Amino acid sequence: MDGGAAFPGYSRETLDDAIVNPDLYADEDAIHALYASLRRDDPLRLMKPAGFRPFWAVTKHADILEIEKRSDVFVNRLRTYLSPIEGEEWVKSVTGDTHLFRTLVDLDDPEHMKLRMLTQAWFMPPNLKKLEARIGEIAKAHVDRMAALGGECDFVKEVALWYPLRVIMEIMGVPASDEPFMLKLTQEIFGPQDPDVLAQSEHVSADSAVTGERRSVDLMQTALEFYKYFGAITADRRANPRDDLASLVANGMIDGAPIGEREAMSYYIIVATAGHDTTSSTASGGLLQLIKNPDEMAKLKADPSLLPNAVEEMIRWVTPVKHFMRTALEDVDLRGRTIKAGDGLALFYWSGNRDEEAFEAPFQFRVERDVKKHVAFGHGVHLCLGMHLARMELRALFAELLPRLDEIELAGEPRNTRANFVSGLKTLPVRYKLA
């Protein structure tokens, strides 16, 4: 299908380049207009953006589920997320394979499942139940802080970033004094091209091969900081095990042998980064929608039993992880197209969660919506390991905040991060009355 004919305002080249452009993800109206056009006119489209290997853009909810279910055919290990060719070649030159880290999302079974099983029971609801009271205390402390700020704050920078970070750091057994360091490294991993991240980073390269841009975060230096920090954690937990997640990983056994150093470091990194960044984005984006939809906020305040549904709607709405990649191991027919062995596919979860065929009025935020089928946590064998923890944190935060919130309004313009992989609000200025 010709790009110019199907998508007014885009030539084929500009359309293909747009979908990987981090700037577009900071403009929700623009990216959702592009996604909607793709879902309507070309839901499985071969993209050839400049500087990237070609890939199929998968924008329909049903297709994302189908691909996720077929993990034997569509694999993770060959390509995890969209990265310029130059960046992929640099990673291969450094590590010898396609990944800077070897996290659960970079691997396939059986290796993936062996690593996942180290902590899977820990992240299940029966075990998390013992953390519920403590998470409630942490939520209260952060709402108390919001109250102490005098009726105006940036909810992202003052509350949402720090609350899930404190939860995940406590779970891992990391002291609160190290939270600013961990936050900085997380932002460098997920937003290496965002100008605000660049301005605060010590790891800035004038000509980075990782992203192919003139100014970007030097991800190798960021990775080395992570390795150094968690290497010390590993040594300590092996000598002095504790009742924390870091001890569980440090002393993990795979096939009767101690977990490898790279695998252990990667485990810490995915838990420490994805374990808080995505939850903070959802909390901020969820609050913004409640502000924009006061009738929905009134429903939720009047009936707290709606909170679990409301949290799912927040997760669907924000979809912090915008995409993951899969690679076909064999030829597959899908939507009348032939996906060739070796082809990459980008699963655009944000588009799937706005699919008109999957959700009634998907661009309306509804706290009563039953959204159990959203794809924000993925699907199949790679279903997000931390999803139950994320839900618990979000429920605890809003259960504490909403009963105390008398008034709230925007006090400035919310802004999104400039990132096409993991993104969300980076500023949410609000004015409020809080008991």
# chains A, B, ... in the order shown; residues from 1 in each chain; ligands from 1

$ select_by_dssp --residues "stretch 51-128 of chain A" --states "strand (DSSP E or B)" --output "list of chain:residue names"
A:Phe55, A:Trp56, A:Ala57, A:Val58, A:Phe74, A:Val75

$ atom_distance --atom1 "atom CA of A:Met113" --atom2 "atom CA of A:Ala328"
19.7 Å

$ closest_atom_pairs --of "stretch 295-344 of chain A" --to "stretch 407-431 of chain A" --cutoff "8 Å" --atoms "only C-alpha atoms" --output "Markdown table"
| residue | atom | partner | partner_atom | distance |
| --- | --- | --- | --- | --- |
| A:Val318 | CA | A:Gly424 | CA | 7.0 |
| A:Pro320 | CA | A:Ser423 | CA | 5.4 |
| A:Val321 | CA | A:Val422 | CA | 4.5 |
| A:Lys322 | CA | A:Phe421 | CA | 5.2 |
| A:His323 | CA | A:Phe421 | CA | 5.9 |
| A:Phe324 | CA | A:Phe421 | CA | 7.7 |

$ residues_around --residues "A:Ile85" --least-positions-apart "6" --cutoff "8 Å" --atoms "only C-alpha atoms" --output "tab-separated table (two decimals) with C-alpha atoms, in the first residue's frame"
chain	number	residue	atom	x	y	z
A	51	GLY	CA	19.41	3.82	9.81
A	52	PHE	CA	17.34	0.88	11.10
A	53	ARG	CA	16.92	-2.69	9.97

$ closest_residue --among "A:Leu402, A:Ala147, A:Met220, A:Ala121" --to "A:Thr95" --atoms "only C-alpha atoms"
A:Met220

$ select_by_dssp --residues "stretch 23-168 of chain A" --states "helix (DSSP H, G or I)" --output "MDAnalysis selection string"
chainID A and resid 23:25 28:41 61:69 85:95 104:106 111:116 125:148 155:160 162:168

$ write_last_selection --atoms "C-alpha atoms" --output "compact mmCIF listing (two decimals), in the first residue's frame"
# COMPACT_ATOMS: atom_id res chain seq x y z
CA ASP A 23 10.04 13.13 19.49
CA LEU A 24 6.72 11.72 18.26
CA TYR A 25 6.25 9.77 21.50
CA GLU A 28 0.46 11.75 22.32
CA ASP A 29 -1.97 13.16 19.77
CA ALA A 30 0.55 12.74 16.96
CA ILE A 31 1.64 9.19 17.79
CA HIS A 32 -1.94 8.01 18.34
CA ALA A 33 -3.02 9.56 15.03
CA LEU A 34 -0.26 7.59 13.32
CA TYR A 35 -1.16 4.37 15.14
CA ALA A 36 -4.86 4.81 14.30
CA SER A 37 -4.04 5.29 10.61
CA LEU A 38 -1.94 2.14 10.61
CA ARG A 39 -4.63 0.10 12.38
CA ARG A 40 -7.20 1.26 9.85
CA ASP A 41 -5.22 1.16 6.61
CA HIS A 61 -4.44 -5.97 19.54
CA ALA A 62 -5.34 -9.40 18.13
CA ASP A 63 -2.10 -9.66 16.16
CA ILE A 64 0.00 -8.73 19.19
CA LEU A 65 -1.68 -11.52 21.19
CA GLU A 66 -1.21 -14.03 18.38
CA ILE A 67 2.50 -13.29 18.04
CA GLU A 68 3.07 -13.28 21.80
CA LYS A 69 1.38 -16.69 22.12
CA ILE A 85 21.94 -0.42 13.04
CA GLU A 86 24.96 1.52 14.30
CA GLY A 87 23.88 0.93 17.88
CA GLU A 88 23.28 -2.79 17.29
CA GLU A 89 26.74 -3.16 15.77
CA TRP A 90 28.31 -1.34 18.70
CA VAL A 91 26.58 -3.62 21.23
CA LYS A 92 27.75 -6.69 19.32
CA SER A 93 31.31 -5.38 19.29
CA VAL A 94 31.20 -4.93 23.06
CA THR A 95 29.31 -8.03 24.21
CA LEU A 104 14.45 -11.92 31.03
CA VAL A 105 13.08 -9.88 28.12
CA ASP A 106 16.21 -10.59 26.04
CA GLU A 111 17.02 -20.20 29.45
CA HIS A 112 14.38 -17.52 30.02
CA MET A 113 12.19 -19.77 32.15
CA LYS A 114 15.09 -21.10 34.23
CA LEU A 115 16.02 -17.53 35.18
CA ARG A 116 12.41 -16.49 35.65
CA PRO A 125 0.25 -12.56 45.10
CA PRO A 126 0.53 -15.04 48.03
CA ASN A 127 4.09 -13.89 48.74
CA LEU A 128 3.42 -10.22 47.97
CA LYS A 129 0.62 -10.22 50.52
CA LYS A 130 3.20 -9.96 53.28
CA LEU A 131 4.42 -6.68 51.74
CA GLU A 132 0.99 -5.06 51.51
CA ALA A 133 1.10 -3.26 54.85
CA ARG A 134 4.62 -1.94 54.24
CA ILE A 135 3.72 -0.71 50.74
CA GLY A 136 0.73 1.06 52.29
CA GLU A 137 3.07 2.78 54.75
CA ILE A 138 5.36 3.90 51.93
CA ALA A 139 2.36 5.21 49.97
CA LYS A 140 1.20 7.17 53.02
CA ALA A 141 4.66 8.67 53.52
CA HIS A 142 4.70 9.96 49.95
CA VAL A 143 1.20 11.40 50.13
CA ASP A 144 2.20 13.03 53.43
CA ARG A 145 5.15 14.55 51.61
CA MET A 146 2.80 15.84 48.92
CA ALA A 147 0.63 17.42 51.63
CA ALA A 148 3.68 19.04 53.20
CA PHE A 155 3.68 15.22 40.93
CA VAL A 156 6.19 13.33 38.75
CA LYS A 157 9.33 14.78 40.29
CA GLU A 158 8.12 15.05 43.89
CA VAL A 159 5.99 11.90 44.30
CA ALA A 160 5.61 9.48 41.39
CA TRP A 162 10.20 8.29 44.33
CA TYR A 163 7.32 6.16 45.60
CA PRO A 164 7.82 2.99 43.49
CA LEU A 165 11.58 3.49 43.62
CA ARG A 166 11.47 3.29 47.44
CA VAL A 167 9.33 0.15 47.20
CA ILE A 168 11.65 -1.64 44.80

$ atom_distance --atom1 "atom CA of A:Gly380" --atom2 "atom CA of A:Val73"
12.8 Å

$ atom_distance --atom1 "atom CA of A:Ala239" --atom2 "atom CA of A:Gly256"
19.3 Å

$ residues_around --residues "A:Arg391" --least-positions-apart "3" --cutoff "12 Å" --atoms "only C-alpha atoms" --output "ChimeraX atom specification"
/A:123-125,128,132,135,164,275-276,278-280,282-283,307-315,377,384-388,394-399

$ write_last_selection --atoms "C-alpha atoms" --output "tab-separated table (two decimals), in the first residue's frame"
chain	number	residue	atom	x	y	z
A	123	PHE	CA	6.44	-12.03	42.74
A	124	MET	CA	3.17	-13.97	43.03
A	125	PRO	CA	0.25	-12.56	45.10
A	128	LEU	CA	3.42	-10.22	47.97
A	132	GLU	CA	0.99	-5.06	51.51
A	135	ILE	CA	3.72	-0.71	50.74
A	164	PRO	CA	7.82	2.99	43.49
A	275	GLY	CA	10.40	-2.27	38.52
A	276	HIS	CA	9.88	1.40	39.29
A	278	THR	CA	6.88	1.93	34.55
A	279	THR	CA	4.89	2.21	37.78
A	280	SER	CA	5.80	5.87	38.25
A	282	THR	CA	1.37	4.89	35.27
A	283	ALA	CA	0.75	6.72	38.55
A	307	LEU	CA	-10.04	1.12	42.32
A	308	PRO	CA	-8.80	-2.22	40.87
A	309	ASN	CA	-10.65	-1.48	37.61
A	310	ALA	CA	-9.39	2.10	37.61
A	311	VAL	CA	-5.79	0.92	38.03
A	312	GLU	CA	-6.15	-1.43	35.04
A	313	GLU	CA	-7.54	1.46	33.01
A	314	MET	CA	-4.57	3.62	34.02
A	315	ILE	CA	-2.19	0.86	32.91
A	377	PHE	CA	2.08	-6.30	30.54
A	384	CYS	CA	5.47	-9.14	33.03
A	385	LEU	CA	6.95	-10.77	36.13
A	386	GLY	CA	6.26	-7.70	38.29
A	387	MET	CA	2.68	-6.99	37.24
A	388	HIS	CA	1.11	-8.01	40.57
A	394	LEU	CA	-0.81	1.69	42.33
A	395	ARG	CA	-3.80	0.60	44.39
A	396	ALA	CA	-2.01	1.55	47.61
A	397	LEU	CA	-1.04	5.00	46.32
A	398	PHE	CA	-4.49	5.97	45.07
A	399	ALA	CA	-6.23	4.39	48.09

$ residues_around --residues "A:Asp236" --least-positions-apart "6" --cutoff "10 Å" --atoms "only C-alpha atoms" --output "PyMOL selection string"
chain A and resi 230+242+246-247+250

$ closest_residue --among "A:Leu290, A:Arg238, A:Leu401, A:Asp343" --to "A:Glu330" --atoms "only C-alpha atoms"
A:Asp343

$ closest_residue --among "A:Phe363, A:Phe348, A:Trp317, A:Phe55" --to "A:Leu287" --atoms "only C-alpha atoms"
A:Trp317
